[in-house]
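Here is the file work19.txt (compact mmCIF, C-alpha atoms and all ligand atoms).
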# COMPACT_ATOMS: atom_id res chain seq x y z
CA MET A 1 -22.58 -38.93 -27.57
CA SER A 2 -20.33 -38.47 -24.56
CA ILE A 3 -16.66 -38.03 -23.84
CA ALA A 4 -16.51 -38.60 -20.12
CA VAL A 5 -13.06 -40.14 -19.72
CA GLU A 6 -10.98 -38.50 -17.02
CA SER A 7 -7.72 -40.40 -16.71
CA VAL A 8 -6.15 -38.20 -14.00
CA ARG A 9 -8.04 -36.65 -11.08
CA TRP A 10 -6.84 -34.27 -8.40
CA ASN A 11 -9.17 -33.69 -5.49
CA ASN A 12 -8.08 -31.87 -2.33
CA GLY A 13 -4.53 -33.18 -2.41
CA GLU A 14 -5.52 -36.69 -3.57
CA LEU A 15 -4.26 -37.99 -6.92
CA THR A 16 -6.24 -40.74 -8.63
CA ILE A 17 -5.74 -42.29 -12.06
CA ILE A 18 -7.50 -44.90 -14.17
CA ASP A 19 -5.15 -47.88 -14.36
CA GLN A 20 -4.94 -48.02 -18.15
CA THR A 21 -3.18 -51.39 -18.12
CA LEU A 22 -6.46 -52.99 -17.05
CA LEU A 23 -8.65 -51.45 -19.75
CA PRO A 24 -10.94 -52.30 -21.40
CA GLU A 25 -11.88 -55.24 -19.15
CA GLU A 26 -11.76 -53.30 -15.92
CA VAL A 27 -12.20 -49.59 -15.15
CA LYS A 28 -10.25 -49.28 -11.93
CA TYR A 29 -9.17 -46.03 -10.29
CA ILE A 30 -6.05 -46.17 -8.14
CA GLN A 31 -4.71 -43.59 -5.73
CA LEU A 32 -1.10 -42.44 -6.03
CA LYS A 33 0.19 -41.17 -2.70
CA LYS A 34 3.82 -40.30 -3.31
CA PRO A 35 6.20 -39.49 -6.19
CA GLU A 36 7.41 -43.11 -6.21
CA ASP A 37 3.82 -44.26 -6.94
CA VAL A 38 3.60 -41.74 -9.77
CA TRP A 39 6.98 -42.85 -11.18
CA GLN A 40 5.81 -46.48 -11.17
CA ALA A 41 2.44 -45.63 -12.71
CA ILE A 42 4.08 -43.68 -15.56
CA ASN A 43 6.78 -46.30 -16.09
CA ARG A 44 4.36 -49.23 -16.30
CA LEU A 45 1.92 -47.21 -18.46
CA ALA A 46 -0.91 -47.20 -15.91
CA VAL A 47 -1.02 -43.52 -16.87
CA ARG A 48 0.24 -42.90 -20.40
CA GLY A 49 0.04 -40.55 -23.37
CA ALA A 50 2.33 -37.53 -23.47
CA PRO A 51 0.02 -34.83 -22.03
CA ALA A 52 -1.39 -37.16 -19.34
CA ILE A 53 2.05 -38.14 -18.07
CA GLY A 54 2.97 -34.45 -17.90
CA ILE A 55 -0.12 -33.78 -15.79
CA ALA A 56 0.50 -36.82 -13.57
CA ALA A 57 4.17 -35.89 -13.07
CA ALA A 58 3.21 -32.34 -12.07
CA TYR A 59 0.85 -33.71 -9.42
CA GLY A 60 3.57 -36.19 -8.38
CA LEU A 61 5.83 -33.27 -7.62
CA VAL A 62 3.04 -31.55 -5.69
CA LEU A 63 2.49 -34.71 -3.59
CA LYS A 64 6.12 -34.49 -2.51
CA ILE A 65 6.12 -30.86 -1.52
CA LEU A 66 2.68 -30.79 0.10
CA ASN A 67 3.92 -33.50 2.45
CA SER A 68 7.40 -32.08 2.97
CA GLY A 69 8.62 -31.04 6.38
CA ALA A 70 10.92 -28.41 4.80
CA LYS A 71 11.65 -25.52 7.15
CA SER A 72 12.50 -22.96 4.48
CA ALA A 73 11.61 -22.07 0.90
CA GLU A 74 15.17 -22.93 -0.09
CA GLU A 75 14.91 -26.41 1.39
CA LEU A 76 11.54 -26.99 -0.30
CA ILE A 77 12.87 -25.90 -3.70
CA SER A 78 15.86 -28.20 -3.32
CA GLU A 79 13.51 -31.13 -2.55
CA ALA A 80 11.35 -30.16 -5.53
CA ASP A 81 14.42 -30.06 -7.81
CA GLN A 82 15.43 -33.57 -6.75
CA THR A 83 11.92 -34.96 -7.14
CA ALA A 84 11.57 -33.37 -10.58
CA GLU A 85 14.81 -35.02 -11.74
CA TYR A 86 13.60 -38.34 -10.34
CA LEU A 87 10.19 -38.11 -12.05
CA LYS A 88 11.84 -37.27 -15.37
CA THR A 89 13.56 -40.68 -15.33
CA SER A 90 10.22 -42.54 -15.45
CA ARG A 91 9.96 -42.29 -19.26
CA PRO A 92 12.39 -40.45 -21.56
CA THR A 93 10.60 -39.69 -24.84
CA ALA A 94 7.56 -37.50 -24.10
CA VAL A 95 8.82 -33.96 -23.54
CA ASN A 96 5.56 -32.99 -21.79
CA LEU A 97 6.81 -34.70 -18.64
CA SER A 98 9.88 -32.52 -18.15
CA TRP A 99 8.00 -29.49 -19.52
CA ALA A 100 5.34 -29.84 -16.79
CA VAL A 101 7.67 -30.35 -13.83
CA GLU A 102 9.98 -27.57 -15.04
CA ARG A 103 6.98 -25.25 -15.23
CA LEU A 104 6.21 -25.91 -11.56
CA LEU A 105 9.84 -25.35 -10.57
CA THR A 106 9.96 -22.06 -12.47
CA VAL A 107 6.84 -20.79 -10.69
CA MET A 108 8.30 -21.75 -7.32
CA LYS A 109 11.71 -20.20 -8.00
CA ASN A 110 10.34 -16.96 -9.46
CA SER A 111 7.69 -16.37 -6.81
CA GLY A 112 9.95 -14.86 -4.14
CA GLU A 113 7.66 -16.59 -1.63
CA GLN A 114 9.44 -17.41 1.65
CA SER A 115 6.80 -19.58 3.33
CA PRO A 116 7.21 -23.28 2.39
CA ASP A 117 3.50 -23.79 2.93
CA ARG A 118 2.44 -20.99 0.57
CA LEU A 119 5.12 -22.02 -1.91
CA SER A 120 3.76 -25.55 -2.11
CA ARG A 121 0.24 -24.15 -2.59
CA LEU A 122 1.55 -22.10 -5.54
CA ALA A 123 2.97 -25.25 -7.09
CA GLU A 124 -0.32 -27.06 -6.55
CA GLN A 125 -2.22 -24.23 -8.28
CA GLU A 126 0.19 -24.40 -11.22
CA ALA A 127 -0.34 -28.16 -11.59
CA ILE A 128 -4.10 -27.64 -11.56
CA ARG A 129 -3.64 -24.89 -14.19
CA ILE A 130 -1.61 -27.24 -16.44
CA HIS A 131 -4.37 -29.83 -16.12
CA ARG A 132 -7.18 -27.35 -16.83
CA GLU A 133 -5.30 -25.76 -19.73
CA ASP A 134 -4.76 -29.13 -21.36
CA LYS A 135 -8.53 -29.59 -21.63
CA GLU A 136 -8.86 -26.26 -23.45
CA ILE A 137 -5.85 -27.01 -25.65
CA CYS A 138 -7.30 -30.37 -26.67
CA ARG A 139 -10.69 -28.82 -27.43
CA SER A 140 -8.99 -26.23 -29.59
CA ILE A 141 -6.87 -28.83 -31.43
CA GLY A 142 -10.08 -30.71 -32.17
CA LYS A 143 -11.84 -27.65 -33.55
CA HIS A 144 -8.92 -26.59 -35.76
CA GLY A 145 -8.35 -30.11 -37.04
CA SER A 146 -12.02 -30.73 -37.79
CA GLU A 147 -11.99 -27.73 -40.13
CA LEU A 148 -9.70 -29.74 -42.41
CA ILE A 149 -12.46 -32.31 -42.78
CA THR A 150 -15.29 -30.99 -44.93
CA ARG A 151 -17.00 -34.22 -46.04
CA PRO A 152 -17.50 -37.69 -44.50
CA VAL A 153 -14.09 -39.39 -44.50
CA GLN A 154 -12.22 -42.46 -43.38
CA ILE A 155 -9.40 -41.66 -41.00
CA LEU A 156 -6.62 -43.95 -39.88
CA THR A 157 -5.07 -43.46 -36.45
CA HIS A 158 -2.41 -45.16 -34.38
CA CYS A 159 -2.00 -45.75 -30.65
CA ASN A 160 -4.28 -43.86 -28.25
CA THR A 161 -4.60 -40.10 -28.26
CA GLY A 162 -7.95 -39.64 -26.50
CA GLY A 163 -9.10 -38.40 -23.12
CA LEU A 164 -7.13 -41.22 -21.51
CA ALA A 165 -3.90 -39.78 -22.91
CA THR A 166 -4.66 -36.13 -22.06
CA GLY A 167 -6.63 -33.88 -19.72
CA GLN A 168 -9.78 -34.43 -21.80
CA PHE A 169 -10.87 -34.91 -25.47
CA GLY A 170 -7.40 -35.93 -26.64
CA THR A 171 -5.33 -34.62 -29.55
CA ALA A 172 -5.78 -36.66 -32.76
CA PHE A 173 -8.83 -38.18 -31.07
CA SER A 174 -10.26 -34.72 -30.45
CA VAL A 175 -10.05 -33.96 -34.18
CA ILE A 176 -11.98 -37.16 -34.90
CA PHE A 177 -14.47 -36.35 -32.14
CA HIS A 178 -15.17 -32.85 -33.44
CA ALA A 179 -15.33 -34.03 -37.07
CA HIS A 180 -17.87 -36.63 -35.94
CA GLN A 181 -19.96 -33.87 -34.37
CA ASN A 182 -19.99 -32.31 -37.85
CA SER A 183 -21.18 -35.70 -39.25
CA ASN A 184 -17.91 -36.01 -41.17
CA ILE A 185 -16.60 -39.34 -39.89
CA HIS A 186 -17.54 -42.27 -42.08
CA ASN A 187 -15.10 -44.67 -40.40
CA VAL A 188 -11.98 -44.69 -38.23
CA TRP A 189 -9.38 -47.36 -38.94
CA VAL A 190 -7.82 -48.14 -35.57
CA ASP A 191 -4.37 -49.73 -35.66
CA GLU A 192 -4.15 -52.25 -32.84
CA THR A 193 -0.68 -50.82 -31.95
CA ARG A 194 1.58 -53.66 -30.97
CA PRO A 195 3.14 -54.42 -28.59
CA LEU A 196 0.91 -52.97 -25.86
CA LEU A 197 -2.27 -52.65 -27.94
CA GLN A 198 -3.21 -49.09 -27.02
CA GLY A 199 -5.30 -48.93 -30.22
CA ALA A 200 -7.13 -52.20 -29.66
CA ARG A 201 -7.64 -51.76 -25.93
CA LEU A 202 -8.05 -48.02 -25.45
CA THR A 203 -8.93 -46.20 -28.69
CA THR A 204 -11.73 -48.62 -29.55
CA TRP A 205 -13.06 -48.22 -25.99
CA GLU A 206 -13.11 -44.44 -26.29
CA LEU A 207 -14.56 -44.43 -29.82
CA ARG A 208 -17.36 -46.71 -28.68
CA GLN A 209 -18.16 -44.41 -25.74
CA ALA A 210 -18.37 -41.49 -28.17
CA ASP A 211 -20.50 -43.47 -30.68
CA ILE A 212 -17.98 -42.97 -33.46
CA PRO A 213 -17.92 -45.68 -36.19
CA PHE A 214 -14.62 -47.58 -36.36
CA SER A 215 -12.94 -50.78 -37.52
CA LEU A 216 -10.01 -52.32 -35.69
CA ILE A 217 -7.15 -53.58 -37.85
CA SER A 218 -3.82 -55.13 -37.02
CA ASP A 219 -0.87 -52.82 -37.73
CA SER A 220 0.19 -54.86 -40.76
CA MET A 221 -3.17 -54.20 -42.48
CA ALA A 222 -2.71 -50.43 -42.70
CA GLY A 223 -0.92 -50.61 -46.08
CA MET A 224 -3.67 -52.69 -47.59
CA VAL A 225 -6.52 -50.38 -46.54
CA MET A 226 -4.55 -47.47 -48.02
CA GLN A 227 -4.06 -49.43 -51.25
CA GLN A 228 -7.82 -50.06 -51.33
CA ASN A 229 -8.42 -46.25 -51.30
CA ALA A 230 -10.16 -46.62 -47.94
CA VAL A 231 -8.10 -44.00 -46.08
CA ASP A 232 -8.62 -40.27 -46.73
CA MET A 233 -6.39 -38.97 -43.98
CA ILE A 234 -4.05 -40.19 -41.23
CA ILE A 235 -3.93 -38.36 -37.91
CA VAL A 236 -1.62 -39.32 -35.06
CA GLY A 237 -0.43 -37.75 -31.82
CA THR A 238 3.13 -37.17 -30.72
CA ASP A 239 5.45 -37.46 -27.74
CA ARG A 240 8.02 -34.96 -28.94
CA VAL A 241 8.45 -32.76 -31.98
CA ALA A 242 11.95 -31.44 -32.77
CA ALA A 243 12.36 -27.80 -33.84
CA ASN A 244 12.50 -28.85 -37.51
CA GLY A 245 9.24 -30.85 -37.30
CA ASP A 246 10.71 -34.37 -37.01
CA THR A 247 8.19 -36.18 -34.83
CA ALA A 248 8.49 -38.99 -32.30
CA ASN A 249 5.37 -41.03 -31.76
CA LYS A 250 4.37 -44.60 -30.96
CA ILE A 251 6.39 -47.24 -32.80
CA GLY A 252 4.76 -47.88 -36.18
CA THR A 253 4.01 -44.23 -36.93
CA TYR A 254 6.99 -43.87 -39.28
CA SER A 255 5.83 -46.84 -41.39
CA LEU A 256 2.39 -45.23 -41.71
CA ALA A 257 3.93 -41.95 -42.85
CA VAL A 258 6.01 -43.69 -45.54
CA LEU A 259 2.93 -45.57 -46.73
CA ALA A 260 0.90 -42.36 -46.71
CA GLN A 261 3.41 -40.62 -48.95
CA TYR A 262 3.39 -43.52 -51.43
CA HIS A 263 -0.43 -43.46 -51.52
CA ARG A 264 -0.62 -39.63 -51.50
CA ILE A 265 -2.68 -39.57 -48.29
CA PRO A 266 -2.43 -36.46 -46.07
CA PHE A 267 -0.56 -37.27 -42.86
CA TYR A 268 -1.23 -34.94 -39.91
CA VAL A 269 0.25 -34.79 -36.42
CA ALA A 270 -1.97 -33.36 -33.67
CA ALA A 271 0.33 -31.67 -31.15
CA PRO A 272 -0.05 -29.25 -28.28
CA VAL A 273 2.77 -26.68 -28.25
CA SER A 274 4.01 -28.34 -25.03
CA SER A 275 5.04 -31.33 -27.17
CA ILE A 276 7.43 -29.24 -29.27
CA ASP A 277 10.99 -29.34 -27.96
CA PHE A 278 12.67 -26.23 -29.38
CA SER A 279 15.94 -27.25 -27.74
CA ILE A 280 16.29 -30.21 -30.11
CA SER A 281 17.03 -29.26 -33.70
CA HIS A 282 16.16 -32.57 -35.35
CA GLY A 283 14.71 -35.98 -34.64
CA ASP A 284 18.02 -37.84 -34.23
CA ASP A 285 18.41 -36.14 -30.87
CA ILE A 286 15.06 -37.31 -29.47
CA PRO A 287 15.68 -40.00 -26.81
CA ILE A 288 13.82 -43.17 -27.74
CA GLU A 289 12.61 -45.34 -24.90
CA GLU A 290 13.43 -49.05 -25.10
CA ARG A 291 11.19 -51.30 -23.07
CA GLU A 292 11.49 -54.80 -21.70
CA SER A 293 11.50 -57.78 -24.03
CA ARG A 294 8.52 -59.39 -22.31
CA GLU A 295 6.22 -56.86 -24.03
CA ILE A 296 7.14 -58.51 -27.33
CA THR A 297 7.44 -62.14 -26.24
CA HIS A 298 4.19 -62.19 -24.24
CA ILE A 299 0.61 -61.00 -24.60
CA LYS A 300 -1.22 -60.80 -21.27
CA ASN A 301 1.28 -63.12 -19.58
CA GLN A 302 0.91 -65.68 -22.35
CA ALA A 303 4.20 -66.50 -24.11
CA ILE A 304 4.00 -66.10 -27.89
CA ALA A 305 7.70 -66.61 -28.60
CA PRO A 306 10.34 -69.12 -27.50
CA ALA A 307 11.80 -68.52 -24.04
CA ASP A 308 14.85 -66.20 -23.98
CA CYS A 309 14.16 -64.99 -27.51
CA PRO A 310 16.43 -62.03 -28.40
CA VAL A 311 14.24 -58.94 -28.71
CA TYR A 312 14.46 -55.29 -29.79
CA ASN A 313 11.63 -53.17 -28.34
CA PRO A 314 11.81 -49.43 -29.09
CA ALA A 315 8.58 -47.81 -27.87
CA PHE A 316 8.67 -44.90 -30.34
CA ASP A 317 9.99 -44.02 -33.77
CA VAL A 318 10.73 -40.73 -35.48
CA THR A 319 8.88 -39.58 -38.58
CA PRO A 320 10.89 -37.10 -40.66
CA ALA A 321 9.21 -33.72 -41.10
CA SER A 322 9.25 -34.18 -44.88
CA LEU A 323 6.57 -36.89 -44.56
CA ILE A 324 4.21 -34.69 -42.51
CA SER A 325 1.46 -32.61 -44.18
CA GLY A 326 0.83 -30.39 -41.16
CA PHE A 327 0.71 -30.03 -37.38
CA ILE A 328 -2.69 -29.49 -35.81
CA THR A 329 -2.02 -27.32 -32.76
CA GLU A 330 -4.16 -25.33 -30.35
CA PHE A 331 -3.29 -22.25 -32.43
CA GLY A 332 -4.33 -23.72 -35.76
CA VAL A 333 -2.88 -25.93 -38.46
CA ILE A 334 0.83 -25.36 -39.13
CA ALA A 335 1.95 -25.94 -42.72
CA PRO A 336 5.54 -26.29 -44.03
CA PRO A 337 8.16 -24.91 -43.82
CA PHE A 338 7.95 -26.31 -40.30
CA GLU A 339 11.16 -24.97 -38.82
CA ALA A 340 10.09 -21.36 -39.45
CA ASN A 341 6.39 -21.85 -38.79
CA LEU A 342 6.73 -23.89 -35.60
CA ARG A 343 9.18 -21.32 -34.23
CA LYS A 344 6.38 -18.71 -34.29
CA LEU A 345 4.56 -20.81 -31.64
CA ARG A 346 7.44 -20.67 -29.19
CA GLY A 347 6.36 -19.30 -25.82
CA ARG A 348 2.73 -18.87 -26.90
CA VAL A 349 0.06 -19.97 -24.42
CA LEU A 350 -3.62 -20.44 -25.16
CA VAL A 351 -5.21 -19.63 -21.83
O1 LIG B 401 3.56 -45.46 -24.89
P1 LIG B 401 2.37 -44.56 -24.87
O2 LIG B 401 1.08 -45.32 -24.86
O3 LIG B 401 2.45 -43.52 -23.79
O4 LIG B 401 2.45 -43.80 -26.27
C1 LIG B 401 1.53 -42.77 -26.51
C2 LIG B 401 1.63 -42.21 -27.87
O5 LIG B 401 2.49 -42.54 -28.64
C3 LIG B 401 0.66 -41.11 -28.21
O6 LIG B 401 0.44 -41.09 -29.59
C4 LIG B 401 1.24 -39.76 -27.79
O7 LIG B 401 1.66 -39.78 -26.46
C5 LIG B 401 0.25 -38.67 -27.97
S1 LIG B 401 -1.08 -38.77 -26.80
C6 LIG B 401 -2.08 -37.43 -27.08

For this file, produce the structure as structure tokens.
Amino acid sequence: MSIAVESVRWNNGELTIIDQTLLPEEVKYIQLKKPEDVWQAINRLAVRGAPAIGIAAAYGLVLKILNSGAKSAEELISEADQTAEYLKTSRPTAVNLSWAVERLLTVMKNSGEQSPDRLSRLAEQEAIRIHREDKEICRSIGKHGSELITRPVQILTHCNTGGLATGQFGTAFSVIFHAHQNSNIHNVWVDETRPLLQGARLTTWELRQADIPFSLISDSMAGMVMQQNAVDMIIVGTDRVAANGDTANKIGTYSLAVLAQYHRIPFYVAAPVSSIDFSISHGDDIPIEERESREITHIKNQAIAPADCPVYNPAFDVTPASLISGFITEFGVIAPPFEANLRKLRGRVLV
């Protein structure tokens, strides 16, 4: 059993990613040389998943400042500020993106370092630290979550939350991975996750690599497998959690949570603390990305709807905290009341 996926690589100033749009047919690594390449890669979902886009954006900022001709620390910080703002516009929903670039800016501004060269090296080290930490965080989420699973179960998951979406192991995927190591995964129901099929294309690919038993279903089948008593638990990831526990995740997550409540199935969100946005009090304030209509009207360049069909394509939805059984974080499983219990995690770091 292996879990070798490494979606983002940084090697001596070179940033490489797996182009996730080509999976599973083709495993192709592409090099991103400047912030504009990183912006494009995030925007077109070549690199995707909240923690992975945070990591990629941090390296995107480093690419800018390592290659800057800035003559002073002040000039370099001003360039970094502008690049951070630019990178943040690539995708609006996942808070990890702004969290990561802001973390680099804070290190630069607080360092007191006057040499632009040394200042950019500090930022590079911080980006590498964010990347390395994410691996530990994901491992820890997996261990804590797997303790909830004490017998062989069937788990339903949505979208892709594995190593492709993170530094390594994943979030919800890491829970499944660690539960499988304890021989406690009977089956994983994988929602295909329309429109971009992250479940069908990516989660199945990762589950197969890890030798974990699964069945792919279309999103509309989730209710029926719950009705057939074939789902013991639902675990999903998140792009942003509001301070009260309302949770944005891939479109379709909310429907699953409503179905889970009707069928009395525990519904867990696996979330690193970096995905909690304490500045937003509830889910209505989470910005929801809307994507182009072609993602709905076409599959792999093949039209499946009449030309010029009116379309609504929100990429995420918000699940109210009241439908969530718990948050699986790197510090353990957080139970309700979420507002008070999540607040205790504020500012905590694992490593
Ligand atoms: O649009 P995507 O593929 O980036 O959406 C990803 C998700 O919704 C994931 O569930 C979320 O980012 C958590 S990944 C650990």

Who sits within 9 Å of region 188-205 of chain A, all atoms listed in the file, same chain under 4 positions skipped, as number ranges by chain: A: 20-21, 23-25, 153-162, 164, 173, 176, 209-210, 212-222, 225, 231, 250-252, 295-296, 298-299, 313, 315

Env. residues ligand LIG 401 (chain B) / 9 Å / all atoms listed in the file / as an MDAnalysis selection string: chainID A and resid 42 45 47:53 91 94 138 158:166 170:173 196:198 236:240 248:251 253 270:272 275 315:316

Residue among A:Asp246, A:Ala57, A:Gln114, A:Tyr29 lying closest to Glu102 (chain A), counting only C-alpha atoms: A:Ala57

From A:Ile130, A:Gly283, A:Leu256, A:Val349, residue lying nearest Leu323 (chain A) [only C-alpha atoms]: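 Checking each of A:Ile130, A:Gly283, A:Leu256, A:Val349 against Leu323 (chain A), counting only C-alpha atoms, the winner is A:Leu256.
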
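The interatomic distance for the pair CA of Ala307 (chain A) and CA of Ile288 (chain A) works out to 25.7 Å.
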
For Val241 (chain A): contacts at 6 Å, only C-alpha atoms, fewer than 3 positions along chain excluded, given as JSON, numbers by chain: {"A": [245, 246, 247, 276, 277]}

Who sits within 10 Å of Gln31 (chain A), all atoms listed in the file, same chain under 3 positions skipped, as number ranges by chain: A: 8-10, 14-19, 34, 37-38

Proximity to Glu124 (chain A) - best of A:Asn67, A:Ala58, A:Thr89, A:Gln82, all atoms listed in the file: A:Ala58

Spatial neighbours of Arg264 (chain A), 10 Å, only C-alpha atoms, chain gap at least 3 places, as a VMD selection string: chain A and resid 226 232 to 233 258 to 261 267

Atom-to-atom span, CA of Gln227 (chain A) and CA of His263 (chain A), Å: 7.0 Å

Selected residue, from A:Ser293, A:Asn43, A:Ser146, A:Gln168, that lies nearest to Pro92 (chain A) when counting only C-alpha atoms: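 Among the listed residues, the smallest separation from Pro92 (chain A) belongs to A:Asn43.
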
Selection near Val107 (chain A), 12 Å with only C-alpha atoms, sequence-local residues under 5 positions removed, as a PyMOL selection string: chain A and resi 77+80+100-102+112-113+119-127+129

Pick from A:Ala84, A:Ala230, A:Leu22, A:Leu76, whichever lies nearest to Met108 (chain A) using all atoms listed in the file: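 For Met108 (chain A), the nearest of the given residues is A:Leu76.
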
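Across the model, the gap from CA of Glu136 (chain A) to CA of Asp317 (chain A) is 27.9 Å.
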
Region 103-111 of chain A written out with all heavy atoms as an mmCIF file, in the first residue's frame:
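Full text of part.cif as output:
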data_model
loop_
_atom_site.group_PDB
_atom_site.id
_atom_site.type_symbol
_atom_site.label_atom_id
_atom_site.label_comp_id
_atom_site.auth_asym_id
_atom_site.auth_seq_id
_atom_site.Cartn_x
_atom_site.Cartn_y
_atom_site.Cartn_z
ATOM 1 N N ARG A 103 0.986 34.722 5.301
ATOM 2 C CA ARG A 103 1.995 34.213 6.246
ATOM 3 C C ARG A 103 3.403 34.576 5.767
ATOM 4 O O ARG A 103 4.259 34.971 6.564
ATOM 5 C CB ARG A 103 1.822 32.690 6.382
ATOM 6 C CG ARG A 103 2.556 32.134 7.559
ATOM 7 C CD ARG A 103 2.131 30.729 7.846
ATOM 8 N NE ARG A 103 3.323 29.924 8.110
ATOM 9 C CZ ARG A 103 3.316 28.665 8.501
ATOM 10 N NH1 ARG A 103 2.177 28.036 8.676
ATOM 11 N NH2 ARG A 103 4.440 28.010 8.722
ATOM 12 N N LEU A 104 3.626 34.478 4.470
ATOM 13 C CA LEU A 104 4.938 34.862 3.927
ATOM 14 C C LEU A 104 5.183 36.362 4.119
ATOM 15 O O LEU A 104 6.276 36.782 4.527
ATOM 16 C CB LEU A 104 5.016 34.524 2.435
ATOM 17 C CG LEU A 104 5.733 33.227 2.064
ATOM 18 C CD1 LEU A 104 5.068 32.029 2.705
ATOM 19 C CD2 LEU A 104 5.793 33.039 0.564
ATOM 20 N N LEU A 105 4.145 37.150 3.826
ATOM 21 C CA LEU A 105 4.301 38.609 3.951
ATOM 22 C C LEU A 105 4.611 38.998 5.395
ATOM 23 O O LEU A 105 5.467 39.854 5.653
ATOM 24 C CB LEU A 105 3.024 39.323 3.497
ATOM 25 C CG LEU A 105 2.697 39.269 1.997
ATOM 26 C CD1 LEU A 105 1.357 39.942 1.730
ATOM 27 C CD2 LEU A 105 3.795 39.940 1.170
ATOM 28 N N THR A 106 3.927 38.341 6.342
ATOM 29 C CA THR A 106 4.149 38.657 7.755
ATOM 30 C C THR A 106 5.599 38.361 8.145
ATOM 31 O O THR A 106 6.247 39.177 8.819
ATOM 32 C CB THR A 106 3.176 37.841 8.637
ATOM 33 O OG1 THR A 106 1.860 38.112 8.185
ATOM 34 C CG2 THR A 106 3.300 38.180 10.101
ATOM 35 N N VAL A 107 6.104 37.216 7.703
ATOM 36 C CA VAL A 107 7.498 36.866 8.020
ATOM 37 C C VAL A 107 8.447 37.922 7.446
ATOM 38 O O VAL A 107 9.378 38.379 8.114
ATOM 39 C CB VAL A 107 7.834 35.450 7.483
ATOM 40 C CG1 VAL A 107 9.335 35.223 7.418
ATOM 41 C CG2 VAL A 107 7.172 34.408 8.350
ATOM 42 N N MET A 108 8.186 38.325 6.218
ATOM 43 C CA MET A 108 9.067 39.312 5.580
ATOM 44 C C MET A 108 9.019 40.644 6.331
ATOM 45 O O MET A 108 10.048 41.249 6.628
ATOM 46 C CB MET A 108 8.649 39.538 4.123
ATOM 47 C CG MET A 108 8.918 38.344 3.222
ATOM 48 S SD MET A 108 8.266 38.601 1.552
ATOM 49 C CE MET A 108 9.500 39.705 0.865
ATOM 50 N N LYS A 109 7.797 41.080 6.656
ATOM 51 C CA LYS A 109 7.642 42.412 7.277
ATOM 52 C C LYS A 109 8.159 42.447 8.701
ATOM 53 O O LYS A 109 8.630 43.471 9.175
ATOM 54 C CB LYS A 109 6.169 42.836 7.215
ATOM 55 C CG LYS A 109 5.717 43.147 5.804
ATOM 56 C CD LYS A 109 4.232 43.424 5.718
ATOM 57 C CE LYS A 109 3.843 43.587 4.250
ATOM 58 N NZ LYS A 109 2.404 43.723 4.040
ATOM 59 N N ASN A 110 8.069 41.310 9.404
ATOM 60 C CA ASN A 110 8.487 41.296 10.813
ATOM 61 C C ASN A 110 9.966 40.980 11.002
ATOM 62 O O ASN A 110 10.468 41.007 12.122
ATOM 63 C CB ASN A 110 7.674 40.269 11.616
ATOM 64 C CG ASN A 110 6.229 40.706 11.749
ATOM 65 O OD1 ASN A 110 5.908 41.852 11.459
ATOM 66 N ND2 ASN A 110 5.363 39.800 12.169
ATOM 67 N N SER A 111 10.654 40.633 9.912
ATOM 68 C CA SER A 111 12.025 40.132 10.077
ATOM 69 C C SER A 111 13.026 41.245 10.402
ATOM 70 O O SER A 111 14.054 40.989 11.019
ATOM 71 C CB SER A 111 12.483 39.427 8.799
ATOM 72 O OG SER A 111 12.686 40.393 7.798
#
